[in-house]
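*Asks:* Structure: start.csv, CSV, C-alpha atoms.
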chain,number,residue,atom,x,y,z
A,24,MET,CA,-65.4,20.8,-49.5
A,25,THR,CA,-66.4,20.2,-45.9
A,26,ILE,CA,-67.9,22.9,-43.7
A,27,GLU,CA,-64.6,23.1,-41.7
A,28,GLU,CA,-62.7,23.7,-44.9
A,29,LEU,CA,-65.2,26.4,-46.0
A,30,PHE,CA,-64.8,28.1,-42.6
A,31,LYS,CA,-61.0,28.0,-42.9
A,32,LYS,CA,-61.1,29.6,-46.3
A,33,ALA,CA,-63.5,32.3,-45.2
A,34,ASN,CA,-61.4,32.8,-42.1
A,35,ASN,CA,-58.4,33.8,-44.2
A,36,GLU,CA,-60.3,36.9,-45.3
A,37,ARG,CA,-59.5,39.3,-42.5
A,38,ILE,CA,-60.0,43.0,-42.6
A,39,GLU,CA,-57.7,45.7,-41.2
A,40,LEU,CA,-58.8,49.3,-40.4
A,41,ASN,CA,-55.7,50.9,-39.0
A,42,GLY,CA,-57.1,54.5,-39.3
A,43,HIS,CA,-60.2,53.5,-37.3
A,44,LYS,CA,-58.1,51.6,-34.8
A,45,ASP,CA,-55.8,54.5,-34.0
A,46,LYS,CA,-58.6,57.0,-33.7
A,47,LEU,CA,-60.7,54.8,-31.5
A,48,LYS,CA,-57.8,54.1,-29.2
A,49,ALA,CA,-57.0,57.8,-28.9
A,50,VAL,CA,-60.7,58.6,-28.1
A,51,LEU,CA,-60.9,55.8,-25.5
A,52,LEU,CA,-57.7,56.8,-23.8
A,53,ARG,CA,-59.0,60.4,-23.5
A,54,ASN,CA,-62.2,59.0,-21.7
A,55,GLU,CA,-63.1,60.5,-18.3
A,56,TYR,CA,-62.9,56.9,-16.9
A,57,PHE,CA,-59.1,57.4,-16.4
A,58,ASP,CA,-59.6,60.7,-14.5
A,59,LYS,CA,-62.0,59.3,-11.9
A,60,GLU,CA,-60.9,57.8,-8.7
A,61,LYS,CA,-61.5,54.0,-8.4
A,62,GLU,CA,-64.7,53.4,-6.6
A,63,TYR,CA,-64.2,51.4,-3.4
A,64,TRP,CA,-66.9,49.9,-1.2
A,65,ASP,CA,-65.7,50.9,2.2
A,66,TRP,CA,-67.5,48.4,4.6
A,67,LYS,CA,-66.1,50.1,7.8
A,68,LEU,CA,-67.4,53.5,6.9
A,69,THR,CA,-70.7,52.2,5.6
A,70,ALA,CA,-71.2,50.1,8.6
A,71,SER,CA,-70.5,52.9,11.0
A,72,SER,CA,-72.8,55.3,9.1
A,73,LEU,CA,-75.5,52.7,9.1
A,74,ALA,CA,-75.1,51.9,12.8
A,75,PHE,CA,-75.4,55.6,13.7
A,76,SER,CA,-78.4,56.0,11.4
A,77,VAL,CA,-80.1,53.1,13.1
A,78,LEU,CA,-79.4,54.7,16.5
A,79,LEU,CA,-81.0,58.0,15.3
A,80,ILE,CA,-84.0,56.2,13.9
A,81,PHE,CA,-84.5,54.4,17.2
A,82,PHE,CA,-84.5,57.7,19.0
A,83,SER,CA,-86.9,59.3,16.5
A,84,ILE,CA,-89.3,56.4,16.9
A,85,SER,CA,-89.2,56.5,20.7
A,86,ILE,CA,-90.0,60.2,20.5
A,87,VAL,CA,-93.4,59.7,18.7
A,88,SER,CA,-94.5,56.9,21.1
A,89,PRO,CA,-97.0,58.9,23.4
A,90,GLY,CA,-96.6,56.8,26.5
A,91,ASN,CA,-92.9,57.3,26.6
A,92,THR,CA,-92.7,61.0,25.6
A,93,ASN,CA,-91.2,62.3,28.8
A,94,GLN,CA,-88.8,59.5,29.0
A,95,ALA,CA,-87.9,59.9,25.3
A,96,ILE,CA,-87.2,63.6,25.7
A,97,SER,CA,-85.1,62.9,28.7
A,98,GLU,CA,-83.1,60.3,26.7
A,99,GLU,CA,-82.8,62.8,23.9
A,100,ARG,CA,-81.3,65.4,26.3
A,101,ASP,CA,-79.0,62.7,27.6
A,102,LEU,CA,-77.9,62.1,24.0
A,103,TYR,CA,-77.1,65.8,23.6
A,104,LYS,CA,-75.1,65.8,26.8
A,105,THR,CA,-73.3,62.6,25.8
A,106,LEU,CA,-72.5,64.0,22.4
A,107,GLU,CA,-71.4,67.4,23.7
A,108,SER,CA,-68.8,65.8,25.8
A,109,ASN,CA,-67.5,63.5,23.0
A,110,ALA,CA,-64.1,64.4,21.7
A,111,ASN,CA,-65.2,63.7,18.1
A,112,VAL,CA,-68.1,66.1,18.4
A,113,SER,CA,-67.8,69.9,17.8
A,114,PRO,CA,-70.5,72.5,18.1
A,115,LEU,CA,-71.3,74.3,14.8
A,116,GLY,CA,-73.5,77.0,16.4
A,117,GLU,CA,-77.1,78.0,15.7
A,118,GLU,CA,-79.0,77.2,12.5
A,119,THR,CA,-82.6,77.5,11.6
A,120,PHE,CA,-84.3,74.2,10.7
A,121,ASN,CA,-87.9,74.1,9.7
A,122,GLY,CA,-88.4,77.6,11.0
A,123,GLU,CA,-87.0,76.6,14.4
A,124,LYS,CA,-83.7,77.7,15.9
A,125,THR,CA,-81.5,74.7,16.5
A,126,ASN,CA,-78.1,74.0,18.0
A,127,VAL,CA,-76.0,72.0,15.6
A,128,LEU,CA,-73.4,69.5,16.6
A,129,GLN,CA,-71.1,67.8,14.2
A,130,MET,CA,-69.5,64.3,14.8
A,131,VAL,CA,-66.5,63.3,12.7
A,132,GLU,CA,-65.7,59.6,12.6
A,133,GLY,CA,-63.2,58.4,9.9
A,134,GLY,CA,-64.4,60.0,6.7
A,135,THR,CA,-68.0,60.3,7.9
A,136,LYS,CA,-69.5,63.6,9.2
A,137,THR,CA,-72.8,63.6,11.0
A,138,LYS,CA,-74.6,66.9,11.6
A,139,MET,CA,-77.3,66.8,14.3
A,140,TYR,CA,-79.8,69.5,14.9
A,141,PHE,CA,-81.2,69.9,18.5
A,142,ASN,CA,-84.0,72.3,19.4
A,143,ASN,CA,-84.0,74.7,22.4
A,144,ARG,CA,-85.0,71.8,24.7
A,145,ASN,CA,-82.0,69.8,23.4
A,146,VAL,CA,-84.2,67.3,21.6
A,147,LEU,CA,-82.8,65.9,18.3
A,148,VAL,CA,-85.0,67.1,15.5
A,149,HIS,CA,-82.9,66.3,12.4
A,150,SER,CA,-79.6,64.7,11.3
A,151,GLU,CA,-77.6,64.5,8.1
A,152,VAL,CA,-74.8,62.0,7.4
A,153,TYR,CA,-72.0,62.9,4.9
A,154,ASN,CA,-69.5,60.3,3.6
A,155,ASN,CA,-66.4,62.2,2.4
A,156,ASN,CA,-64.9,59.2,0.5
B,3,MET,CA,-43.5,36.6,-24.9
B,4,ASP,CA,-46.7,35.7,-23.1
B,5,ILE,CA,-48.9,38.7,-22.2
B,6,ASP,CA,-50.4,38.6,-18.7
B,7,VAL,CA,-53.9,39.7,-19.5
B,8,LYS,CA,-55.0,39.5,-15.9
B,9,GLU,CA,-52.3,41.9,-14.8
B,10,LEU,CA,-53.2,44.3,-17.7
B,11,VAL,CA,-56.9,44.2,-16.6
B,12,GLU,CA,-56.0,44.9,-13.0
B,13,LYS,CA,-53.8,47.9,-14.0
B,14,ALA,CA,-56.5,49.2,-16.3
B,15,GLN,CA,-59.0,48.9,-13.5
B,16,ASN,CA,-56.6,51.1,-11.5
B,17,LYS,CA,-56.9,53.7,-14.3
B,18,ASP,CA,-53.6,52.9,-16.1
B,19,ARG,CA,-54.0,54.2,-19.7
B,20,ASP,CA,-51.1,52.2,-21.1
B,21,ALA,CA,-52.6,48.9,-19.7
B,22,PHE,CA,-55.9,49.6,-21.3
B,23,GLY,CA,-54.1,50.6,-24.5
B,24,SER,CA,-52.4,47.2,-24.5
B,25,LEU,CA,-55.7,45.4,-24.0
B,26,PHE,CA,-57.2,47.3,-26.8
B,27,ASP,CA,-54.3,46.4,-29.1
B,28,LEU,CA,-54.7,42.8,-28.1
B,29,TYR,CA,-58.4,42.5,-28.9
B,30,TYR,CA,-59.2,45.2,-31.5
B,31,ASP,CA,-58.6,43.1,-34.6
B,32,LYS,CA,-60.3,40.0,-33.1
B,33,VAL,CA,-63.4,42.0,-32.2
B,34,LEU,CA,-63.5,43.9,-35.5
B,35,ASN,CA,-63.2,40.8,-37.6
B,36,TYR,CA,-65.8,38.9,-35.6
B,37,VAL,CA,-68.2,41.8,-35.9
B,38,PHE,CA,-67.5,42.3,-39.6
B,39,ARG,CA,-68.1,38.6,-40.4
B,40,ARG,CA,-71.4,38.9,-38.6
B,41,VAL,CA,-72.7,42.0,-40.3
B,42,LEU,CA,-70.7,42.1,-43.6
B,43,ASN,CA,-70.8,45.9,-43.6
B,44,THR,CA,-67.6,48.0,-42.8
B,45,GLU,CA,-69.4,51.1,-41.5
B,46,TYR,CA,-71.5,49.1,-39.0
B,47,ALA,CA,-68.6,46.9,-38.1
B,48,LYS,CA,-66.7,50.1,-37.1
B,49,ASP,CA,-69.6,51.4,-35.1
B,50,ILE,CA,-70.3,48.1,-33.3
B,51,THR,CA,-66.6,47.6,-32.5
B,52,SER,CA,-66.3,51.2,-31.2
B,53,ASN,CA,-69.4,50.8,-29.0
B,54,THR,CA,-68.1,47.4,-27.7
B,55,PHE,CA,-64.8,49.0,-26.5
B,56,LEU,CA,-66.5,52.0,-25.1
B,57,LYS,CA,-68.9,49.8,-23.1
B,58,ALA,CA,-66.0,47.6,-22.0
B,59,LEU,CA,-64.1,50.7,-20.7
B,60,LYS,CA,-67.2,52.1,-18.9
B,61,ASN,CA,-67.9,48.8,-17.2
B,62,LEU,CA,-64.3,47.8,-16.5
B,63,ASP,CA,-64.7,48.4,-12.8
B,64,GLN,CA,-67.5,45.9,-12.6
B,65,PHE,CA,-65.5,43.1,-14.4
B,66,GLU,CA,-64.4,40.3,-12.1
B,67,TRP,CA,-61.9,37.6,-13.1
B,68,ARG,CA,-63.8,34.5,-12.2
B,69,ASN,CA,-64.0,32.2,-15.2
B,70,GLY,CA,-60.4,31.1,-15.7
B,71,PRO,CA,-57.9,32.2,-18.3
B,72,PHE,CA,-60.6,33.2,-20.9
B,73,SER,CA,-62.5,35.5,-18.5
B,74,PHE,CA,-61.6,38.8,-20.2
B,75,SER,CA,-61.8,37.7,-23.8
B,76,GLY,CA,-65.1,36.0,-23.0
B,77,TRP,CA,-66.3,39.2,-21.4
B,78,ILE,CA,-65.3,41.3,-24.4
B,79,PHE,CA,-66.9,38.9,-26.9
B,80,LYS,CA,-70.0,38.9,-24.8
B,81,ILE,CA,-70.3,42.7,-25.1
B,82,ALA,CA,-69.6,42.4,-28.9
B,83,THR,CA,-72.2,39.7,-29.3
B,84,ASN,CA,-74.8,41.7,-27.5
B,85,GLU,CA,-74.0,44.7,-29.7
B,86,VAL,CA,-74.2,42.6,-32.8
B,87,ASN,CA,-77.6,41.2,-31.7
B,88,GLN,CA,-78.7,44.8,-31.0
B,89,TYR,CA,-77.7,45.8,-34.5
B,90,PHE,CA,-79.8,42.9,-36.0
B,91,ARG,CA,-82.8,44.1,-34.0
B,92,LYS,CA,-82.3,47.8,-34.8
B,93,GLN,CA,-80.7,47.6,-38.3
B,94,ASN,CA,-80.5,51.1,-39.7
B,95,ARG,CA,-81.4,52.6,-36.3
B,96,TYR,CA,-78.2,51.3,-34.7
B,97,LYS,CA,-76.1,54.2,-33.6
B,98,LEU,CA,-72.5,54.9,-32.6
B,99,THR,CA,-72.5,56.0,-29.0
B,100,ILE,CA,-69.1,57.8,-29.0
B,101,ASP,CA,-69.9,61.5,-28.9
B,102,ASP,CA,-66.6,62.9,-30.2
B,103,PRO,CA,-66.6,65.2,-33.3
B,104,ASP,CA,-63.0,64.3,-34.1
B,105,PHE,CA,-63.9,60.6,-34.1
B,106,LYS,CA,-66.9,61.0,-36.3
B,107,GLU,CA,-65.0,62.8,-39.0
B,108,LEU,CA,-64.7,60.6,-42.1
B,109,GLY,CA,-61.1,60.0,-43.1
B,110,ASP,CA,-59.2,57.8,-45.4
B,111,ASP,CA,-61.0,54.9,-44.0
B,112,ASN,CA,-63.8,55.4,-46.6
B,113,LYS,CA,-61.5,54.2,-49.4
B,114,VAL,CA,-60.2,51.3,-47.3
B,115,ALA,CA,-63.8,50.3,-46.5
B,116,GLU,CA,-64.7,50.3,-50.2
B,117,GLU,CA,-61.6,48.2,-51.0
B,118,ILE,CA,-62.5,45.7,-48.3
B,119,GLU,CA,-66.0,45.3,-49.4
B,120,LYS,CA,-64.8,44.8,-53.0
B,121,LYS,CA,-62.3,42.2,-51.9
B,122,ILE,CA,-64.9,40.4,-49.8
B,123,ASP,CA,-67.2,40.4,-52.8
B,124,ASN,CA,-64.6,38.8,-54.9
B,125,ASP,CA,-63.7,36.2,-52.3
B,126,LYS,CA,-66.9,34.3,-52.2
B,127,HIS,CA,-66.2,31.9,-49.3
B,128,LEU,CA,-67.0,34.4,-46.6
B,129,LEU,CA,-70.0,35.7,-48.4
B,130,ILE,CA,-71.5,32.3,-49.1
B,131,LEU,CA,-71.0,31.1,-45.5
B,132,SER,CA,-72.1,34.3,-43.8
B,133,LYS,CA,-75.2,34.6,-45.8
B,134,ALA,CA,-76.1,30.9,-45.1
B,135,ILE,CA,-75.4,31.4,-41.4
B,136,LYS,CA,-77.7,34.5,-41.3
B,137,GLN,CA,-80.6,32.2,-42.2
B,138,LEU,CA,-80.2,30.3,-38.9
B,139,LYS,CA,-81.6,31.1,-35.4
B,140,PRO,CA,-79.6,33.9,-33.7
B,141,ILE,CA,-78.2,31.6,-31.0
B,142,TYR,CA,-77.0,29.2,-33.7
B,143,GLN,CA,-75.4,32.1,-35.5
B,144,ASP,CA,-73.6,33.1,-32.3
B,145,ILE,CA,-72.3,29.6,-31.7
B,146,LEU,CA,-71.1,28.9,-35.3
B,147,HIS,CA,-69.2,32.2,-35.5
B,148,LEU,CA,-67.6,31.8,-32.1
B,149,LYS,CA,-66.8,28.1,-32.7
B,150,TYR,CA,-65.5,28.1,-36.2
B,151,PHE,CA,-64.3,31.6,-36.9
B,152,GLU,CA,-63.1,32.6,-33.4
B,153,GLU,CA,-62.0,29.0,-32.7
B,154,MET,CA,-63.4,29.1,-29.1
B,155,SER,CA,-63.8,26.0,-27.0
B,156,TYR,CA,-67.3,25.0,-25.9
B,157,GLU,CA,-66.4,26.2,-22.4
B,158,GLU,CA,-65.5,29.7,-23.7
B,159,ILE,CA,-68.6,29.9,-25.8
B,160,SER,CA,-70.8,28.9,-22.8
B,161,GLN,CA,-69.2,31.8,-20.9
B,162,VAL,CA,-69.8,34.3,-23.7
B,163,LEU,CA,-73.4,33.2,-24.2
B,164,ASN,CA,-74.3,32.5,-20.6
B,165,LYS,CA,-75.4,29.0,-21.5
B,166,ASN,CA,-74.6,25.6,-20.1
B,167,GLU,CA,-71.7,23.9,-21.9
B,168,SER,CA,-73.7,20.8,-22.8
B,169,THR,CA,-76.5,23.0,-24.2
B,170,VAL,CA,-73.9,24.7,-26.4
B,171,ARG,CA,-72.6,21.3,-27.6
B,172,VAL,CA,-76.2,20.3,-28.6
B,173,TYR,CA,-76.9,23.6,-30.3
B,174,SER,CA,-73.6,23.5,-32.1
B,175,LYS,CA,-74.4,20.1,-33.6
B,176,ARG,CA,-77.9,21.2,-34.7
B,177,ALA,CA,-76.5,24.5,-36.1
B,178,ARG,CA,-74.0,22.6,-38.2
B,179,GLU,CA,-76.7,20.2,-39.5
B,180,GLU,CA,-79.0,23.1,-40.4
B,181,LEU,CA,-76.1,25.0,-42.0
B,182,ARG,CA,-75.2,22.0,-44.2
B,183,THR,CA,-78.8,21.8,-45.4
B,184,ILE,CA,-78.9,25.5,-46.3
B,185,LEU,CA,-75.6,25.3,-48.1
B,186,GLU,CA,-76.7,22.3,-50.1
B,187,SER,CA,-80.0,23.9,-51.0
B,188,ASN,CA,-78.2,27.1,-52.0
B,189,ALA,CA,-75.7,25.1,-54.1
B,190,LYS,CA,-78.6,23.3,-55.9
B,191,GLU,CA,-80.3,26.7,-56.6
B,192,PHE,CA,-77.0,28.1,-57.9
B,193,LEU,CA,-76.4,25.2,-60.2
B,194,ALA,CA,-80.0,25.3,-61.5
B,195,ASN,CA,-79.6,28.9,-62.4
B,196,ILE,CA,-76.4,28.4,-64.5
Go ahead and render the structure in this file as structure tokens.
*Replies:*
Amino acid sequence: MTIEELFKKANNERIELNGHKDKLKAVLLRNEYFDKEKEYWDWKLTASSLAFSVLLIFFSISIVSPGNTNQAISEERDLYKTLESNANVSPLGEETFNGEKTNVLQMVEGGTKTKMYFNNRNVLVHSEVYNNN
Amino acid sequence: MDIDVKELVEKAQNKDRDAFGSLFDLYYDKVLNYVFRRVLNTEYAKDITSNTFLKALKNLDQFEWRNGPFSFSGWIFKIATNEVNQYFRKQNRYKLTIDDPDFKELGDDNKVAEEIEKKIDNDKHLLILSKAIKQLKPIYQDILHLKYFEEMSYEEISQVLNKNESTVRVYSKRAREELRTILESNAKEFLANI
């Protein structure tokens, strides 16, 4: 008998476990996988969130540079004014951040919300980005 | 009627239960028999098959159809092969990962399992062959099972095992030669003991 013939004979010996098959299928079809939304990678939203974060980081870095402090504060105030007049931005009122009273502005763009906290000199002290999708 | 596996996979990835159910029906027996021939134990064959399908379901979103018509079967067999190799490493510590009390309840399957093991014990071909294959290197075992039991092409096997096709061909030739030597030696021992 050749090896191929031996494999063929052995291959005829197949098993069936219908009870296990039915139970396993039922368990798998009840799995939470089917209740979750399909996860999409939304490049547009990610890119816009990322771009805005980069902008905020740039402003934060320019604040800590001692030579440019006055200019940075003035730019921060400009940022506040620019945002305040933006149609996508709405004021959320006052909130305390790190023990300091802040004015909170919220910008909504697509499914992304960005909360920005400005101190009483209208300098950005903190921001949070939420992706709703 | 030809079943469009690609379409079923896409539907299942969009959370279509019926589509996943059809994929399960299509591959359950193949996976179960592949696993059983590897481990020769009904209980572990059930656990490994269950873990294979659960893993497939949980990772279905990450599956991409990029290796031609055998993409999905290659992927399922890759998961099953990994589970089998994990079983060989862990042996009695290998555990079922489905945490569902209804599923764990032992039913009529116990009787069926006993009958299957008796039947396999009487039909010596599978036993002789599987025991001889178990003496080979793990990669040779994978190749012989996929090539001769699952009747996969070298291209498919290379996808399942993440190996170059020419490497699979070389390994397959060596695996066959080593298997022949083991079978001949076992036959001599058997005859000497009569």
*Asks:* Distance atom CA of B:Tyr30-atom CA of B:Pro140, one decimal place?
*Replies:*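 Separation of atom CA of B:Tyr30 and atom CA of B:Pro140: 23.4 Å.
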*Asks:* Between atom CA of B:Ile145 and atom CA of B:Thr169, what distance in Å does the model show, to one decimal?
*Replies:*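 Distance between the two atoms: 10.8 Å.
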*Asks:* Can you work out which residues from chain A touch chain B at a cut-off of 10 Å (counting all atoms listed in the file) and hand them back as a PyMOL selection string?
*Replies:* chain A and resi 25-63
*Asks:* Can you pull out every residue within 10 Å of A:Glu117, counting all atoms listed in the file, but drop anything in the same chain fewer than 2 positions away, and send it as a VMD selection string?
*Replies:* chain A and resid 114 to 115 119 to 120 124 to 128 140 to 142
*Asks:* Figure out the distance between atom CA of B:Ala82 and atom CA of B:Thr54, please, to one decimal in Å.
*Replies:*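 These atoms are spaced 5.4 Å apart.
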*Asks:* Determine, counting only C-alpha atoms, which protein, DNA and RNA residues have an atom within 10 Å of an atom of B:Lys80; residues of the same chain fewer than 5 positions away are not included. Present the result as a list in words.
*Replies:*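 Contacts, with the query itself left out: Thr54, Ala58, Phe74, Ser75, Glu85, Val86, Ile159, Gln161, Val162, Leu163 and Asn164 of chain B.
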*Asks:* Set up a box along x, y and z of the file covering all listed atoms of stretch 106-115 of chain A, add 5 Å on every one of the six sides, and write the centre and edge lengths in Å to one decimal, as lines of an AutoDock Vina configuration file.
*Replies:*
center_x = -68.3
center_y = 68.9
center_z = 20.3
size_x = 18.4
size_y = 20.8
size_z = 21.0
*Asks:* Would you list the contacts of A:Leu106 as a VMD selection string, taking every protein, DNA or RNA residue within 12 Å and counting all atoms listed in the file, but skipping same-chain residues closer than 6 positions in sequence?
*Replies:* chain A and resid 99 to 100 112 to 114 127 to 131 137 to 141 145 147
*Asks:* Restricting the calculation to all atoms listed in the file: of B:Lys97, B:Lys149, B:Arg91, B:Arg68, which residue gets closest to B:Arg171?
*Replies:*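 With all atoms listed in the file as the atom set, the closest residue is B:Lys149.
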